[in-house]
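Just model22.txt here, compact mmCIF, C-alpha atoms:
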# COMPACT_ATOMS: atom_id res chain seq x y z
CA MET A 43 36.51 -48.87 -44.57
CA THR A 44 36.56 -45.30 -43.30
CA SER A 45 40.14 -44.81 -44.44
CA THR A 46 39.30 -46.20 -47.88
CA LEU A 47 36.36 -43.85 -48.28
CA ALA A 48 38.43 -40.86 -47.16
CA ASP A 49 41.24 -41.76 -49.55
CA ALA A 50 38.79 -42.16 -52.43
CA ALA A 51 37.13 -38.88 -51.62
CA HIS A 52 40.47 -37.07 -51.55
CA ARG A 53 41.61 -38.60 -54.86
CA GLN A 54 38.33 -37.75 -56.57
CA ALA A 55 38.15 -34.24 -55.09
CA THR A 56 41.68 -33.40 -56.15
CA ALA A 57 41.42 -34.94 -59.60
CA PRO A 58 40.71 -32.69 -62.61
CA VAL A 59 37.17 -32.77 -63.96
CA ALA A 60 36.73 -34.53 -67.29
CA GLU A 61 36.37 -32.26 -70.28
CA SER A 62 32.87 -33.60 -70.95
CA ALA A 63 31.63 -32.54 -67.52
CA PRO A 64 29.45 -29.47 -67.28
CA ARG A 65 31.60 -26.55 -66.22
CA THR A 66 30.69 -23.31 -64.52
CA ARG A 67 32.33 -20.08 -65.55
CA ARG A 68 33.86 -18.57 -62.43
CA GLY A 69 32.90 -14.98 -61.91
CA HIS A 70 30.58 -12.89 -59.86
CA LEU A 71 26.97 -14.01 -59.46
CA HIS A 72 24.97 -10.98 -58.40
CA GLN A 73 21.91 -13.06 -57.65
CA LEU A 74 23.78 -14.59 -54.72
CA ASP A 75 24.27 -11.14 -53.20
CA PHE A 76 20.53 -10.53 -53.46
CA LEU A 77 19.72 -13.95 -52.02
CA ARG A 78 22.13 -13.45 -49.14
CA GLY A 79 20.99 -9.96 -48.23
CA SER A 80 17.25 -10.64 -48.42
CA THR A 81 17.61 -13.83 -46.41
CA PHE A 82 19.46 -11.98 -43.65
CA LEU A 83 16.67 -9.42 -43.44
CA LEU A 84 14.14 -12.24 -43.12
CA VAL A 85 16.24 -13.98 -40.46
CA ILE A 86 16.31 -10.80 -38.40
CA PHE A 87 12.53 -10.45 -38.78
CA CYS A 88 11.96 -14.03 -37.60
CA HIS A 89 14.14 -13.48 -34.55
CA VAL A 90 12.39 -10.20 -33.74
CA LEU A 91 8.97 -11.80 -34.22
CA THR A 92 9.59 -14.63 -31.78
CA ASN A 93 11.27 -12.34 -29.24
CA THR A 94 8.52 -9.70 -29.17
CA ASN A 95 5.56 -12.06 -28.94
CA ALA A 96 4.46 -15.06 -26.90
CA SER A 97 6.63 -17.44 -28.87
CA ASP A 98 5.63 -20.58 -26.96
CA THR A 99 1.87 -20.17 -27.07
CA SER A 100 0.91 -17.78 -29.89
CA PHE A 101 -0.70 -19.61 -32.81
CA ALA A 102 -0.09 -16.78 -35.30
CA THR A 103 3.50 -16.12 -34.20
CA ASN A 104 4.48 -19.75 -34.63
CA ALA A 105 2.67 -20.04 -37.96
CA LEU A 106 4.68 -17.10 -39.34
CA GLY A 107 7.82 -18.36 -37.66
CA MET A 108 7.29 -21.80 -39.19
CA TRP A 109 7.28 -20.32 -42.70
CA GLY A 110 10.30 -18.21 -41.76
CA HIS A 111 12.30 -21.34 -40.97
CA PHE A 112 13.08 -21.66 -44.68
CA THR A 113 15.81 -19.04 -44.17
CA ARG A 114 18.20 -21.38 -42.39
CA ASN A 115 17.98 -23.85 -45.27
CA ALA A 116 18.37 -21.00 -47.76
CA PHE A 117 21.77 -20.34 -46.20
CA PHE A 118 22.73 -24.01 -46.50
CA PHE A 119 21.60 -23.94 -50.14
CA LEU A 120 23.77 -20.86 -50.61
CA THR A 121 26.70 -22.59 -48.89
CA GLY A 122 26.48 -25.59 -51.22
CA PHE A 123 26.08 -23.33 -54.25
CA VAL A 124 29.07 -21.11 -53.51
CA LEU A 125 31.42 -23.92 -52.50
CA MET A 126 30.55 -26.01 -55.54
CA PHE A 127 30.64 -23.02 -57.88
CA GLY A 128 34.17 -22.22 -56.77
CA ASN A 129 35.57 -25.74 -56.61
CA TYR A 130 33.71 -28.18 -58.86
CA ASP A 131 35.97 -27.71 -61.87
CA LYS A 132 39.11 -26.80 -59.91
CA ALA A 133 41.79 -29.30 -60.92
CA ASP A 134 44.12 -28.31 -58.06
CA PHE A 135 41.55 -28.56 -55.24
CA ALA A 136 43.29 -29.64 -52.04
CA SER A 137 41.37 -30.53 -48.89
CA LEU A 138 43.96 -29.24 -46.44
CA ARG A 139 44.32 -25.92 -48.19
CA PHE A 140 40.53 -25.58 -48.34
CA TRP A 141 40.16 -26.30 -44.61
CA ARG A 142 42.96 -23.93 -43.61
CA ARG A 143 41.47 -21.09 -45.64
CA ARG A 144 37.81 -21.58 -44.77
CA LEU A 145 37.64 -22.91 -41.24
CA LYS A 146 39.66 -20.23 -39.48
CA LEU A 147 37.42 -17.46 -40.85
CA VAL A 148 34.38 -19.08 -39.25
CA ALA A 149 35.86 -20.94 -36.27
CA ILE A 150 37.59 -17.93 -34.70
CA PRO A 151 34.53 -15.63 -34.91
CA TYR A 152 32.46 -18.55 -33.60
CA LEU A 153 34.67 -18.85 -30.51
CA ILE A 154 34.76 -15.10 -29.86
CA TRP A 155 31.04 -14.53 -30.29
CA SER A 156 30.16 -17.63 -28.27
CA VAL A 157 31.99 -16.08 -25.33
CA VAL A 158 30.24 -12.74 -25.92
CA TYR A 159 26.75 -14.26 -25.97
CA TRP A 160 27.48 -16.57 -23.04
CA ALA A 161 28.70 -13.65 -20.93
CA PHE A 162 25.70 -11.51 -21.88
CA SER A 163 23.18 -14.23 -20.99
CA VAL A 164 24.80 -14.92 -17.63
CA VAL A 165 25.10 -11.23 -16.69
CA ALA A 166 21.54 -10.43 -17.82
CA ALA A 167 20.11 -13.28 -15.78
CA SER A 168 22.35 -13.42 -12.70
CA GLY A 169 24.92 -10.60 -12.70
CA TRP A 170 28.65 -10.38 -13.25
CA SER A 171 29.48 -12.34 -10.13
CA GLN A 172 28.11 -15.54 -11.66
CA LEU A 173 30.45 -15.62 -14.66
CA PRO A 174 33.15 -17.74 -12.96
CA PHE A 175 30.51 -20.25 -11.89
CA SER A 176 28.96 -20.63 -15.34
CA LEU A 177 31.86 -22.03 -17.33
CA ASP A 178 30.05 -25.34 -17.80
CA SER A 179 27.36 -23.56 -19.82
CA LEU A 180 30.06 -21.94 -21.95
CA LEU A 181 31.65 -25.30 -22.71
CA SER A 182 28.25 -26.76 -23.55
CA GLY A 183 27.51 -23.78 -25.79
CA LEU A 184 30.79 -24.23 -27.64
CA ALA A 185 30.22 -27.98 -28.01
CA TRP A 186 26.78 -27.60 -29.58
CA GLY A 187 26.61 -24.08 -31.01
CA THR A 188 24.13 -22.89 -28.38
CA ALA A 189 25.97 -20.04 -26.64
CA GLY A 190 23.78 -17.73 -28.75
CA PHE A 191 20.56 -19.08 -30.19
CA HIS A 192 21.75 -18.31 -33.73
CA LEU A 193 25.31 -19.60 -33.43
CA TYR A 194 24.28 -23.17 -34.22
CA PHE A 195 24.35 -22.00 -37.84
CA LEU A 196 28.10 -21.35 -37.72
CA PHE A 197 28.53 -24.66 -35.93
CA VAL A 198 26.77 -26.48 -38.79
CA ILE A 199 28.64 -24.50 -41.45
CA MET A 200 31.94 -25.65 -39.96
CA GLN A 201 30.72 -29.24 -40.18
CA PHE A 202 29.89 -28.79 -43.85
CA TYR A 203 33.31 -27.25 -44.45
CA VAL A 204 34.94 -30.31 -42.90
CA LEU A 205 32.76 -32.59 -45.02
CA PHE A 206 33.02 -30.62 -48.25
CA PRO A 207 35.78 -32.77 -49.87
CA VAL A 208 33.42 -35.76 -49.53
CA ILE A 209 30.46 -33.70 -50.80
CA LEU A 210 32.55 -32.59 -53.78
CA TRP A 211 33.54 -36.19 -54.46
CA ILE A 212 29.90 -37.33 -54.39
CA VAL A 213 28.76 -34.59 -56.78
CA ARG A 214 31.62 -35.31 -59.17
CA ALA A 215 31.13 -39.08 -58.94
CA THR A 216 27.41 -38.78 -59.77
CA ARG A 217 28.04 -36.59 -62.82
CA GLY A 218 25.23 -37.22 -65.28
CA HIS A 219 22.96 -38.50 -62.49
CA HIS A 220 22.49 -35.39 -60.37
CA LEU A 221 18.70 -35.62 -60.42
CA ALA A 222 18.97 -39.12 -58.95
CA LEU A 223 21.40 -37.77 -56.35
CA LEU A 224 18.85 -35.16 -55.27
CA VAL A 225 16.05 -37.72 -55.15
CA VAL A 226 18.11 -40.00 -52.90
CA SER A 227 19.29 -37.09 -50.75
CA GLY A 228 15.69 -35.81 -50.43
CA ALA A 229 14.43 -39.24 -49.40
CA VAL A 230 17.18 -39.50 -46.80
CA GLN A 231 16.28 -35.99 -45.61
CA LEU A 232 12.63 -36.88 -45.07
CA ALA A 233 13.55 -40.15 -43.33
CA ILE A 234 15.88 -38.31 -40.97
CA LEU A 235 13.29 -35.67 -40.14
CA TRP A 236 10.59 -38.27 -39.58
CA SER A 237 12.93 -40.11 -37.20
CA LEU A 238 13.74 -36.94 -35.27
CA ASN A 239 10.03 -36.21 -34.84
CA HIS A 240 8.73 -39.69 -34.08
CA LEU A 241 11.57 -41.76 -32.64
CA SER A 242 13.69 -41.46 -29.54
CA ALA A 243 17.02 -42.86 -28.45
CA PRO A 244 17.24 -45.44 -25.63
CA GLU A 245 16.38 -43.74 -22.36
CA GLY A 246 19.38 -42.87 -20.22
CA SER A 247 21.84 -43.01 -23.12
CA TRP A 248 24.04 -40.14 -24.31
CA LEU A 249 22.01 -40.00 -27.51
CA TYR A 250 18.77 -39.72 -25.51
CA VAL A 251 20.10 -36.74 -23.57
CA ASN A 252 21.36 -34.99 -26.71
CA TRP A 253 18.61 -35.98 -29.16
CA TRP A 254 17.31 -32.41 -29.25
CA HIS A 255 20.74 -31.17 -30.41
CA ALA A 256 20.18 -32.71 -33.85
CA TYR A 257 19.24 -29.29 -35.23
CA SER A 258 22.81 -28.11 -34.66
CA THR A 259 24.34 -30.91 -36.72
CA PHE A 260 24.66 -31.24 -40.49
CA ILE A 261 22.33 -34.25 -40.58
CA PRO A 262 18.94 -32.51 -41.06
CA TYR A 263 20.24 -30.09 -43.72
CA GLN A 264 22.31 -32.21 -46.10
CA PHE A 265 19.71 -32.12 -48.89
CA PHE A 266 19.84 -28.34 -49.23
CA VAL A 267 23.63 -28.32 -49.48
CA PHE A 268 23.44 -30.91 -52.27
CA LEU A 269 20.62 -28.90 -53.88
CA GLY A 270 22.80 -25.78 -53.90
CA GLY A 271 25.79 -27.72 -55.16
CA VAL A 272 23.89 -29.30 -58.04
CA ALA A 273 22.27 -25.95 -58.90
CA ALA A 274 25.75 -24.42 -59.13
CA VAL A 275 27.01 -27.14 -61.46
CA HIS A 276 24.01 -26.65 -63.76
CA ARG A 277 23.66 -22.93 -63.14
CA ASP A 278 22.87 -21.89 -66.72
CA ARG A 279 20.12 -24.48 -67.06
CA VAL A 280 18.71 -23.71 -63.60
CA ASP A 281 18.66 -19.96 -64.30
CA ALA A 282 16.91 -20.54 -67.63
CA TRP A 283 14.34 -22.78 -65.97
CA VAL A 284 13.43 -20.33 -63.20
CA ARG A 285 13.14 -17.53 -65.76
CA ALA A 286 10.68 -19.59 -67.81
CA HIS A 287 8.59 -21.10 -64.99
CA GLY A 288 7.81 -18.20 -62.69
CA TRP A 289 4.09 -18.97 -62.41
CA TRP A 290 4.72 -22.63 -61.68
CA ILE A 291 7.06 -21.60 -58.89
CA VAL A 292 4.39 -19.27 -57.46
CA VAL A 293 1.78 -22.04 -57.59
CA GLY A 294 4.16 -24.45 -55.86
CA LEU A 295 5.01 -21.86 -53.23
CA VAL A 296 1.35 -21.12 -52.41
CA ALA A 297 0.30 -24.77 -52.42
CA SER A 298 3.20 -25.84 -50.20
CA ALA A 299 2.59 -22.92 -47.82
CA VAL A 300 -1.06 -23.98 -47.47
CA PHE A 301 0.00 -27.60 -46.94
CA ALA A 302 2.46 -26.55 -44.23
CA TYR A 303 -0.20 -24.41 -42.53
CA VAL A 304 -2.88 -27.12 -42.63
CA THR A 305 -0.56 -29.72 -41.14
CA TYR A 306 0.53 -27.17 -38.53
CA THR A 307 -3.08 -26.60 -37.44
CA GLN A 308 -3.65 -30.36 -37.33
CA ARG A 309 -0.73 -30.79 -34.96
CA VAL A 310 -2.03 -27.99 -32.74
CA ASP A 311 -5.54 -29.51 -32.77
CA SER A 312 -4.06 -32.86 -31.77
CA GLY A 313 -2.59 -31.33 -28.62
CA GLN A 314 0.86 -30.05 -29.57
CA THR A 315 1.84 -26.60 -28.39
CA PRO A 316 2.19 -24.06 -31.21
CA VAL A 317 5.95 -23.86 -30.74
CA ASP A 318 6.30 -27.65 -31.12
CA ALA A 319 3.81 -27.77 -34.00
CA GLY A 320 5.85 -25.14 -35.86
CA PHE A 321 9.14 -27.02 -35.38
CA ALA A 322 11.61 -26.19 -38.16
CA LEU A 323 12.45 -29.83 -38.82
CA ASN A 324 8.93 -31.09 -39.49
CA PRO A 325 8.85 -33.21 -42.68
CA THR A 326 5.63 -31.51 -43.83
CA LEU A 327 7.45 -28.16 -43.95
CA GLN A 328 10.09 -29.34 -46.44
CA PRO A 329 8.09 -28.77 -49.66
CA PHE A 330 7.49 -25.15 -48.66
CA ILE A 331 11.17 -24.68 -47.83
CA PHE A 332 12.11 -26.01 -51.27
CA PHE A 333 9.68 -23.73 -53.11
CA ALA A 334 10.51 -20.70 -50.94
CA ILE A 335 14.22 -21.06 -51.77
CA THR A 336 13.38 -21.60 -55.44
CA ALA A 337 11.12 -18.54 -55.48
CA LEU A 338 13.67 -16.31 -53.78
CA TYR A 339 16.41 -17.50 -56.13
CA SER A 340 14.09 -16.84 -59.07
CA VAL A 341 13.51 -13.26 -57.91
CA ALA A 342 17.27 -12.85 -57.45
CA VAL A 343 17.98 -14.07 -60.99
CA ARG A 344 15.36 -11.76 -62.48
CA TRP A 345 16.80 -8.80 -60.58
CA SER A 346 20.31 -9.72 -61.70
CA ASP A 347 19.12 -9.73 -65.32
CA ARG A 348 17.98 -6.11 -64.91
CA ARG A 349 20.75 -4.68 -62.75
CA ASP A 350 21.50 -1.96 -65.25
CA ARG A 351 18.12 -0.40 -64.40
CA THR A 352 18.69 -0.23 -60.61
CA PRO A 353 22.17 1.26 -59.96
CA ARG A 354 21.38 2.59 -56.48
CA PHE A 355 19.72 -0.61 -55.33
CA ASN A 356 22.70 -2.53 -56.71
CA ARG A 357 25.00 -0.67 -54.32
CA VAL A 358 22.69 -1.42 -51.40
CA VAL A 359 22.68 -5.12 -52.24
CA ALA A 360 26.47 -5.26 -52.63
CA TYR A 361 26.98 -3.31 -49.38
CA ALA A 362 24.66 -5.59 -47.40
CA SER A 363 26.26 -8.71 -48.86
CA ASN A 364 29.75 -7.51 -47.96
CA ARG A 365 28.74 -6.96 -44.32
CA SER A 366 26.37 -9.91 -44.05
CA PHE A 367 28.43 -12.06 -41.68
CA ALA A 368 29.02 -9.16 -39.28
CA ILE A 369 25.29 -8.40 -39.39
CA PHE A 370 24.42 -12.00 -38.64
CA LEU A 371 26.82 -12.22 -35.71
CA ALA A 372 25.81 -8.93 -34.06
CA HIS A 373 22.06 -8.63 -34.64
CA VAL A 374 21.01 -10.97 -31.83
CA LEU A 375 23.02 -8.98 -29.29
CA VAL A 376 21.36 -5.76 -30.50
CA LEU A 377 17.95 -7.45 -30.33
CA GLN A 378 18.52 -8.76 -26.82
CA LEU A 379 19.50 -5.32 -25.60
CA LEU A 380 16.39 -3.80 -27.18
CA ILE A 381 14.01 -6.28 -25.55
CA LEU A 382 15.39 -5.90 -22.04
CA PRO A 383 14.22 -6.64 -19.37
CA ARG A 384 12.86 -9.70 -21.19
CA ILE A 385 15.10 -12.64 -20.28
CA ASP A 386 12.76 -15.56 -21.05
CA VAL A 387 9.60 -16.37 -22.99
CA THR A 388 7.34 -15.56 -20.03
CA SER A 389 8.49 -11.94 -19.58
CA LYS A 390 8.00 -8.86 -21.74
CA GLY A 391 10.47 -6.28 -22.95
CA TRP A 392 10.00 -2.52 -22.77
CA PHE A 393 8.55 -2.21 -26.29
CA GLU A 394 6.10 -5.06 -25.70
CA GLN A 395 4.93 -3.45 -22.48
CA HIS A 396 4.40 0.00 -24.01
CA LEU A 397 3.48 -0.61 -27.67
CA GLY A 398 1.78 -3.98 -27.80
CA VAL A 399 1.18 -6.14 -30.86
CA PRO A 400 2.14 -5.67 -33.69
CA TRP A 401 3.82 -2.30 -33.15
CA ALA A 402 6.48 -3.65 -30.82
CA THR A 403 7.58 -6.11 -33.49
CA ILE A 404 7.67 -3.45 -36.22
CA VAL A 405 9.59 -0.89 -34.15
CA VAL A 406 12.07 -3.40 -32.73
CA TYR A 407 12.70 -4.80 -36.21
CA VAL A 408 13.48 -1.39 -37.68
CA LEU A 409 15.72 -0.51 -34.73
CA THR A 410 17.49 -3.87 -34.83
CA VAL A 411 18.31 -3.53 -38.53
CA ALA A 412 19.43 0.10 -38.22
CA ILE A 413 21.60 -0.37 -35.13
CA THR A 414 23.08 -3.62 -36.40
CA LEU A 415 24.19 -1.91 -39.60
CA VAL A 416 26.07 0.66 -37.51
CA VAL A 417 27.60 -2.06 -35.34
CA ALA A 418 28.62 -4.05 -38.41
CA GLU A 419 30.28 -0.98 -39.90
CA VAL A 420 32.27 -0.44 -36.70
CA LEU A 421 33.25 -4.11 -36.50
CA ARG A 422 34.49 -4.10 -40.10
CA ARG A 423 36.85 -1.27 -39.10
CA ALA A 424 37.94 -2.71 -35.74
CA PRO A 425 41.63 -3.70 -35.29
CA PHE A 426 40.73 -7.41 -35.19
CA ALA A 427 38.04 -7.29 -37.85
CA LEU A 428 39.30 -10.45 -39.52
CA TYR A 429 38.59 -12.45 -36.36
CA LEU A 430 35.39 -10.61 -35.45
CA THR A 431 33.74 -10.66 -38.86
CA GLY A 432 35.68 -13.15 -40.99
CA ARG A 433 36.76 -10.36 -43.37
CA PRO A 434 39.83 -8.13 -43.63
CA ARG A 435 39.65 -4.81 -41.81
CA ILE A 436 38.42 -1.72 -43.63
CA PRO A 437 40.56 1.30 -42.64
CA PHE A 438 38.77 4.27 -41.11
CA ARG A 439 40.53 6.68 -43.43
CA ARG A 440 40.50 5.54 -47.02
CA ASP A 441 42.42 6.90 -49.94
CA ARG A 442 41.17 6.31 -53.45
CA ALA A 443 43.08 3.06 -53.78
CA SER A 444 41.63 1.56 -50.59
CA ALA A 445 38.14 2.76 -51.49
CA ALA A 446 38.44 1.11 -54.88
CA SER A 447 39.74 -2.05 -53.21
CA GLU A 448 36.74 -2.13 -50.89
CA ARG A 449 34.33 -1.68 -53.78
CA LYS A 450 36.06 -4.48 -55.62
CA GLY A 451 35.86 -6.69 -52.55
CA THR A 452 32.20 -5.86 -52.15
CA GLU A 453 31.50 -6.80 -55.75
CA ARG A 454 33.43 -10.05 -55.27
CA ALA A 455 31.57 -11.06 -52.09
CA LEU A 456 30.78 -14.69 -52.76
CA GLU A 457 31.25 -16.36 -49.38
CA PRO A 458 27.96 -17.77 -48.10
CA THR A 459 28.29 -16.98 -44.41
CA ARG A 460 31.00 -14.41 -43.97
CA GLY A 461 29.88 -12.20 -46.83

Take the structure in the file and write it out as structure tokens.
Amino acid sequence: MTSTLADAAHRQATAPVAESAPRTRRGHLHQLDFLRGSTFLLVIFCHVLTNTNASDTSFATNALGMWGHFTRNAFFFLTGFVLMFGNYDKADFASLRFWRRRLKLVAIPYLIWSVVYWAFSVVAASGWSQLPFSLDSLLSGLAWGTAGFHLYFLFVIMQFYVLFPVILWIVRATRGHHLALLVVSGAVQLAILWSLNHLSAPEGSWLYVNWWHAYSTFIPYQFFVFLGGVAAVHRDRVDAWVRAHGWWIVVGLVASAVFAYVTYTQRVDSGQTPVDAGFALNPTLQPFIFFAITALYSVAVRWSDRRDRTPRFNRVVAYASNRSFAIFLAHVLVLQLLILPRIDVTSKGWFEQHLGVPWATIVVYVLTVAITLVVAEVLRRAPFALYLTGRPRIPFRRDRASAASERKGTERALEPTRG
């Protein structure tokens, strides 16, 4: 059965799309640059917020952090959008070629940065001498994407890359019924999240021990990849809809945010800790995540429509998008250095001790963004930049040709995770 499904998926994914199918014109979508860059800034803020406040017990911190969880799903939406935009109508799509091209540019940085974050955590907590005795934690981190608390995202992206030929097959096979596909996918999504929150595996089993690792698998995020993929296939219609329904999107965003907050307070009142009540995979948070992604995409489309009025901001957006993967990989290391000597949720870093709330969060956020941009610039020019950042190296000394090439590459930055 498995072999039959795989064979069918490969045949459908590699077959040309019928002429009657909706087709997307391949080219640069500036709104994706805006969506990518703004989401990265919000991700950094969420990480700074929870690392400069009492993240386990603070009601306000976890309420804000709960809303901020939409960013991870925004990236999965972006992943589905970009992959489908580039491959839906590609007659010569080949799974093996796709995997060879995509996986190495995420898998190798994932391995390198997992070692970096593992070594940093061991040294910060126990000193250099403990590194040889902590290899088990490294292997566990590699197996589940937990060597750095943000690396699960790369781990999930690699899973979606592996599964993309099947995802492409499903989207092509349901041509003309994409709304039904999203309804089914959304229902499956809610059922999965309800199960993760209310059920448990048999005690003592492997699944029981690893139940909490579900967040680092593709399972709780599949809807947003399909949402992005379907949006890419019907991009013109989607863009027209968000242009015409801005106020409805705002109403949905506010209503869903209130709903998420009310259900959050109910969980806290019923005895859950704020950090558990604000869990990213709560079913009641999903409507807000949907409207937050829709709202941000709507803003991105409206900005893209008026790019000719904001030339300087356009360059900022393109620059940030081009370096986005390097920024994502490095920002947690910068943040962890800034909050030393904080090594767990019960301790306080230097800025917390001396500035207090909310100034510590504001100052650390600004410093994290500024320093990470410098680090990202250095990494993009490092000898092994391709393996550190998933992008070709930028030479330190550029002639006009190389500068023009970089600008062209920046304008063509369509990858969802590596910029």

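Our summary of the geometry notes that CA of Thr431 (chain A) is positioned 5.0 Å from CA of Ala368 (chain A).
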
Could you tell me how far CA of Thr188 (chain A) sits from CA of Val204 (chain A), in Å to one decimal place? 19.6 Å

Residue among A:Thr307, A:Leu184, A:Tyr152, A:Ala136 lying closest to Val208 (chain A), counting only C-alpha atoms: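 So, comparing all the options, the nearest one is A:Ala136.
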
Taking 4 positions as the minimum chain separation for residues in the same chain, which residues sit within 9 Å of Arg277 (chain A) when counting only C-alpha atoms? Answer as JSON, numbers by chain. {"A": [66, 127, 272, 273, 281, 282]}

For Trp392 (chain A), which residue out of A:Val157, A:Val405, A:Leu269, A:Leu223 is the nearest one, using only C-alpha atoms?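 Residue with the minimum atom-to-atom distance to Trp392 (chain A): A:Val405.
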
Do you know which residues are at most 7 Å from Pro262 (chain A) counting all atoms listed in the file, after dropping those on the same chain fewer than 5 positions away, and could you put them as a ChimeraX atom specification? /A:231,234-235,257

Have region 186-192 of chain A completed to all heavy atoms, please, and pass it along as a tab-separated table (two decimals), in the coordinates of the input.
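The result, written out as rebuild04.tsv:
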chain	number	residue	atom	x	y	z
A	186	TRP	N	27.99	-27.37	-28.78
A	186	TRP	CA	26.78	-27.60	-29.58
A	186	TRP	C	26.30	-26.36	-30.34
A	186	TRP	O	25.24	-26.39	-30.96
A	186	TRP	CB	25.64	-28.09	-28.68
A	186	TRP	CG	25.84	-29.48	-28.19
A	186	TRP	CD1	26.20	-29.87	-26.93
A	186	TRP	CD2	25.71	-30.69	-28.95
A	186	TRP	NE1	26.29	-31.24	-26.85
A	186	TRP	CE2	25.99	-31.77	-28.08
A	186	TRP	CE3	25.37	-30.96	-30.27
A	186	TRP	CZ2	25.95	-33.10	-28.51
A	186	TRP	CZ3	25.32	-32.28	-30.70
A	186	TRP	CH2	25.61	-33.33	-29.82
A	187	GLY	N	27.03	-25.27	-30.28
A	187	GLY	CA	26.61	-24.08	-31.01
A	187	GLY	C	25.42	-23.38	-30.39
A	187	GLY	O	24.63	-22.75	-31.10
A	188	THR	N	25.31	-23.44	-29.06
A	188	THR	CA	24.13	-22.89	-28.38
A	188	THR	C	24.44	-21.72	-27.45
A	188	THR	O	23.57	-21.30	-26.69
A	188	THR	CB	23.44	-24.00	-27.56
A	188	THR	OG1	24.38	-24.59	-26.65
A	188	THR	CG2	22.88	-25.08	-28.47
A	189	ALA	N	25.65	-21.18	-27.50
A	189	ALA	CA	25.97	-20.04	-26.64
A	189	ALA	C	25.09	-18.84	-26.99
A	189	ALA	O	24.70	-18.05	-26.13
A	189	ALA	CB	27.44	-19.67	-26.75
A	190	GLY	N	24.79	-18.67	-28.27
A	190	GLY	CA	23.78	-17.73	-28.75
A	190	GLY	C	22.82	-18.53	-29.59
A	190	GLY	O	23.23	-19.47	-30.29
A	191	PHE	N	21.52	-18.17	-29.56
A	191	PHE	CA	20.56	-19.08	-30.19
A	191	PHE	C	20.71	-19.15	-31.70
A	191	PHE	O	20.12	-20.01	-32.35
A	191	PHE	CB	19.12	-18.71	-29.81
A	191	PHE	CG	18.64	-17.35	-30.27
A	191	PHE	CD1	18.35	-17.10	-31.60
A	191	PHE	CD2	18.45	-16.33	-29.35
A	191	PHE	CE1	17.89	-15.86	-32.01
A	191	PHE	CE2	17.99	-15.09	-29.75
A	191	PHE	CZ	17.71	-14.85	-31.09
A	192	HIS	N	21.52	-18.26	-32.29
A	192	HIS	CA	21.75	-18.31	-33.73
A	192	HIS	C	23.10	-18.89	-34.11
A	192	HIS	O	23.37	-19.13	-35.29
A	192	HIS	CB	21.64	-16.91	-34.32
A	192	HIS	CG	22.68	-15.94	-33.80
A	192	HIS	ND1	23.04	-15.87	-32.46
A	192	HIS	CD2	23.47	-15.02	-34.43
A	192	HIS	CE1	23.97	-14.95	-32.31
A	192	HIS	NE2	24.25	-14.44	-33.49
